[in-house]
Amino acid sequence: MHILRAAFAIVLGVMPVQAAAIKTGTIDAFEARPPIHALAGTMTAPLGLTPSEVRAAYHLPASGGSGTVAIISAFHHPSLESDLSAFGAEFMLPGCTQADGCLEIHRMASGTKENAGWALESALDTEWAHAIAPSAKLLVVEAGSAKGGDLMKAVDYARGRPDVVAVSMSWGGDEFSGETKLDGHFRAANSSPNRPMAFFASSGDDGAGASWPAVSLNVVAVGGTTLDISKKPVSERAWAGSGGGVSAYESEPPYQRGYSIPRSTGKRAIPDVAYAADPDHGFSVYHAKRWYVVGGTSAGAPQWAAIEALGRSVTPERLYADKAGPAPGDYFRDIKSGSNGACAYYCEARARYDYVTGLGSPVTYRF
């Protein structure tokens, strides 16, 4: 039984599938929700996917990573460091603490309240970014609230840091007409070819429908799959909760236009890529002295950010170029089965690109 569930509110209408836009056209009324699902916790031992299982499924190395992965969250998580330490000890990962300089927790406002749902999200993001890129540093930026303005201040802090190579945003919400004015926030401050920075956002957990900030032209939108490691080879299909669709406001970016995504109607399509998300095959997460099995597209954003820290080569342009190239199977597992709703074409997984799993899930960290 799902005992904790926070996800996007999606309204289905005429095709293409789009989320309901909020009434105001600015960021001021935006409030994010983390797309996360947790199964009942246990005091004894982890019951979900382990780092070694996930690395094997996605052909990722057991070590490596450079630079800093920034995790944008909301509210304060007082046990974050101890949660990460317990997780790392269980799976024999390198230590990562504030004392050794691996972990940094930056609070955007003093006296920030705690929030149980966001605390579990922070634990998931931090533990699994560390699991995938254990040599990378972690910067957890705690926004003062889940309101759009506070989260954008946290994003701006991360993108202004010269050590940050990837930014993970495991949250989102309904689109709004002023979102296109914020696209510039999802680039490194004073960006240059010598200072790349990649941004990743969850596509949502309530099935078909586009959401922000995943639809930004400068963000890699991460959808969800059901990963079954019991089968050989590994089996992966579209997860029913994976968010996806066509933006109401963002124009189709050049990297998608050149790829010729069917039925995008000249607008930004999401997701770009996918990752395991089904809570019934979820990730082991330690939080507040308990083990949980956690799923949702919020699990994919920090792990794709960690993949960027491993290979330093993930950009939207490269992702689409790799899939369009002569050997797409060297980069992606193309998800060809499953759906996320009853909206026909826009809800069905298929070869090449689909609005549920995008280009597919990774089978490398070199793009």
# chains A, B, ... in the order shown; residues from 1 in each chain; ligands from 1
>>> residues_around(residues="A:Leu60", least_positions_apart="6", cutoff="10 Å", atoms="only C-alpha atoms", output="list in words")
Ser52, Val54, Ile132, Ala133, Ile307, Leu310, Pro362, Val363, Thr364, Tyr365 and Arg366 of chain A
>>> closest_atom_pairs(of="stretch 220-313 of chain A", to="stretch 81-97 of chain A", cutoff="8 Å", atoms="only C-alpha atoms", output="JSON lines")
{"residue": "A:Val285", "atom": "CA", "partner": "A:Phe87", "partner_atom": "CA", "distance": 7.2}
{"residue": "A:Tyr286", "atom": "CA", "partner": "A:Asp83", "partner_atom": "CA", "distance": 5.8}
{"residue": "A:His287", "atom": "CA", "partner": "A:Asp83", "partner_atom": "CA", "distance": 5.4}
{"residue": "A:Ala288", "atom": "CA", "partner": "A:Asp83", "partner_atom": "CA", "distance": 6.7}
{"residue": "A:Lys289", "atom": "CA", "partner": "A:Asp83", "partner_atom": "CA", "distance": 7.6}
>>> write_last_selection(atoms="C-alpha atoms", output="CSV table (one decimal), in the first residue's frame")
chain,number,residue,atom,x,y,z
A,285,VAL,CA,16.1,4.4,0.7
A,286,TYR,CA,17.1,5.0,4.3
A,287,HIS,CA,15.3,7.7,6.2
A,288,ALA,CA,14.8,8.5,9.9
A,289,LYS,CA,16.0,5.1,11.1
>>> residues_around(residues="A:Gly223", least_positions_apart="5", cutoff="10 Å", atoms="only C-alpha atoms", output="PyMOL selection string")
chain A and resi 201-205+207+214+238-239+241-244+270-277+296-301+355-361
>>> write_last_selection(atoms="C-alpha atoms", output="compact mmCIF listing (two decimals), in the first residue's frame")
# COMPACT_ATOMS: atom_id res chain seq x y z
CA ALA A 201 13.75 17.34 -13.90
CA SER A 202 11.17 14.66 -13.20
CA SER A 203 8.36 14.44 -15.76
CA GLY A 204 5.62 13.63 -13.19
CA ASP A 205 3.86 10.64 -11.72
CA GLY A 207 0.46 9.68 -16.27
CA ALA A 214 10.59 19.48 -17.19
CA ALA A 238 6.79 2.08 -19.70
CA TRP A 239 5.49 2.81 -16.20
CA GLY A 241 2.56 6.83 -13.86
CA SER A 242 5.18 8.37 -16.13
CA GLY A 243 4.39 11.98 -17.05
CA GLY A 244 4.69 13.05 -20.64
CA ILE A 270 8.60 15.41 -22.94
CA PRO A 271 10.11 13.29 -21.57
CA ASP A 272 13.54 13.18 -23.18
CA VAL A 273 14.75 10.05 -21.41
CA ALA A 274 13.57 7.50 -18.86
CA TYR A 275 14.67 5.63 -15.75
CA ALA A 276 13.23 3.12 -13.30
CA ALA A 277 10.27 4.64 -11.41
CA GLY A 296 8.48 7.80 -8.90
CA THR A 297 10.11 9.83 -11.63
CA SER A 298 11.80 11.77 -8.86
CA ALA A 299 14.22 8.83 -8.59
CA GLY A 300 15.41 9.30 -12.16
CA ALA A 301 16.37 12.99 -12.08
CA TYR A 355 5.65 10.53 -24.95
CA VAL A 356 6.00 8.12 -22.02
CA THR A 357 9.69 7.15 -22.00
CA GLY A 358 11.23 9.55 -24.51
CA LEU A 359 14.35 8.20 -26.21
CA GLY A 360 14.63 5.39 -23.66
CA SER A 361 16.67 4.52 -20.58
>>> residues_around(residues="A:Gly67", least_positions_apart="2", cutoff="9 Å", atoms="only C-alpha atoms", output="ChimeraX atom specification")
/A:65,69,135-138,163-166,309
>>> residues_around(residues="A:Ala146", least_positions_apart="6", cutoff="7 Å", atoms="only C-alpha atoms", output="PyMOL selection string")
chain A and resi 31-32+74
>>> residues_around(residues="A:Ser73", least_positions_apart="3", cutoff="9 Å", atoms="only C-alpha atoms", output="list in words")
Pro34, His76, Trp118, Ala119, Glu121, Ser122, Val140, Val141, Glu142, Ala143, Ser145, Ala146, Leu151, Ala154, Ser168, Met169, Ser170 and Trp171 of chain A
>>> atom_distance(atom1="atom CA of A:Ala305", atom2="atom CA of A:Ala198")
7.5 Å
>>> atom_distance(atom1="atom CA of A:Gly209", atom2="atom CA of A:Gly245")
4.9 Å
>>> select_by_dssp(residues="stretch 279-315 of chain A", states="alpha helix (DSSP H)", output="number ranges by chain")
A: 300-311
>>> write_last_selection(atoms="C-alpha atoms", output="mmCIF file, in the first residue's frame")
data_model
loop_
_atom_site.group_PDB
_atom_site.id
_atom_site.type_symbol
_atom_site.label_atom_id
_atom_site.label_comp_id
_atom_site.auth_asym_id
_atom_site.auth_seq_id
_atom_site.Cartn_x
_atom_site.Cartn_y
_atom_site.Cartn_z
ATOM 1 C CA GLY A 300 15.411 9.300 -12.158
ATOM 2 C CA ALA A 301 16.368 12.995 -12.078
ATOM 3 C CA PRO A 302 19.174 12.700 -9.474
ATOM 4 C CA GLN A 303 20.505 9.511 -11.034
ATOM 5 C CA TRP A 304 20.662 11.046 -14.494
ATOM 6 C CA ALA A 305 22.424 14.020 -12.868
ATOM 7 C CA ALA A 306 24.916 11.553 -11.385
ATOM 8 C CA ILE A 307 25.400 10.005 -14.846
ATOM 9 C CA GLU A 308 26.378 13.477 -16.031
ATOM 10 C CA ALA A 309 28.946 13.617 -13.207
ATOM 11 C CA LEU A 310 30.333 10.266 -14.402
ATOM 12 C CA GLY A 311 30.723 11.080 -18.093
#
>>> residues_around(residues="A:Pro162", least_positions_apart="2", cutoff="10 Å", atoms="only C-alpha atoms", output="list of chain:residue names")
A:Gly67, A:Thr68, A:Ala158, A:Arg159, A:Gly160, A:Val164, A:Val165, A:Ala188, A:Ala189, A:Asn190, A:Ser191, A:Arg195, A:Pro196, A:Met197
>>> write_last_selection(atoms="N, CA and C atoms", output="compact mmCIF listing (two decimals), in the first residue's frame")
# COMPACT_ATOMS: atom_id res chain seq x y z
N GLY A 67 33.28 16.69 -10.05
CA GLY A 67 32.46 17.89 -9.90
C GLY A 67 31.41 17.70 -8.82
N THR A 68 30.43 18.59 -8.82
CA THR A 68 29.39 18.60 -7.80
C THR A 68 28.02 18.42 -8.44
N ALA A 158 22.53 27.36 -7.17
CA ALA A 158 23.28 26.22 -7.70
C ALA A 158 23.95 26.56 -9.02
N ARG A 159 23.24 27.24 -9.91
CA ARG A 159 23.82 27.50 -11.23
C ARG A 159 24.92 28.56 -11.17
N GLY A 160 24.98 29.29 -10.07
CA GLY A 160 26.05 30.27 -9.89
C GLY A 160 27.32 29.68 -9.31
N VAL A 164 29.57 23.16 -9.75
CA VAL A 164 28.39 22.34 -10.06
C VAL A 164 28.42 21.94 -11.54
N VAL A 165 28.24 20.64 -11.79
CA VAL A 165 28.21 20.12 -13.17
C VAL A 165 26.82 19.64 -13.56
N ALA A 188 24.04 27.45 -16.77
CA ALA A 188 25.04 27.94 -15.83
C ALA A 188 25.13 29.46 -15.92
N ALA A 189 25.26 30.12 -14.78
CA ALA A 189 25.49 31.55 -14.79
C ALA A 189 26.85 31.80 -15.43
N ASN A 190 26.91 32.79 -16.31
CA ASN A 190 28.15 33.08 -17.04
C ASN A 190 28.64 31.84 -17.77
N SER A 191 27.69 31.13 -18.43
CA SER A 191 28.03 29.87 -19.08
C SER A 191 28.96 30.09 -20.26
N ARG A 195 32.48 25.64 -19.40
CA ARG A 195 31.79 25.45 -18.14
C ARG A 195 30.39 24.89 -18.39
N PRO A 196 30.32 23.63 -18.80
CA PRO A 196 29.00 23.04 -19.05
C PRO A 196 28.27 22.73 -17.75
N MET A 197 26.96 22.74 -17.80
CA MET A 197 26.13 22.38 -16.65
C MET A 197 24.82 21.82 -17.20
>>> closest_residue(among="A:Gly258, A:Ala70, A:Ala327, A:Ser251", to="A:Tyr157", atoms="only C-alpha atoms")
A:Ala70
>>> select_by_dssp(residues="stretch 16-136 of chain A", states="strand (DSSP E or B)", output="ChimeraX atom specification")
/A:31,33,36-42,49,68-74,76,103-107,114
>>> closest_residue(among="A:Leu103, A:Val215, A:Leu49, A:Ala131", to="A:Pro61", atoms="only C-alpha atoms")
A:Ala131
>>> closest_residue(among="A:Thr226, A:Asn218, A:Ser66, A:Thr126", to="A:Ile105", atoms="only C-alpha atoms")
A:Thr126
>>> closest_residue(among="A:Thr50, A:Thr315, A:Ser211, A:Ser284", to="A:Pro35", atoms="only C-alpha atoms")
A:Ser211
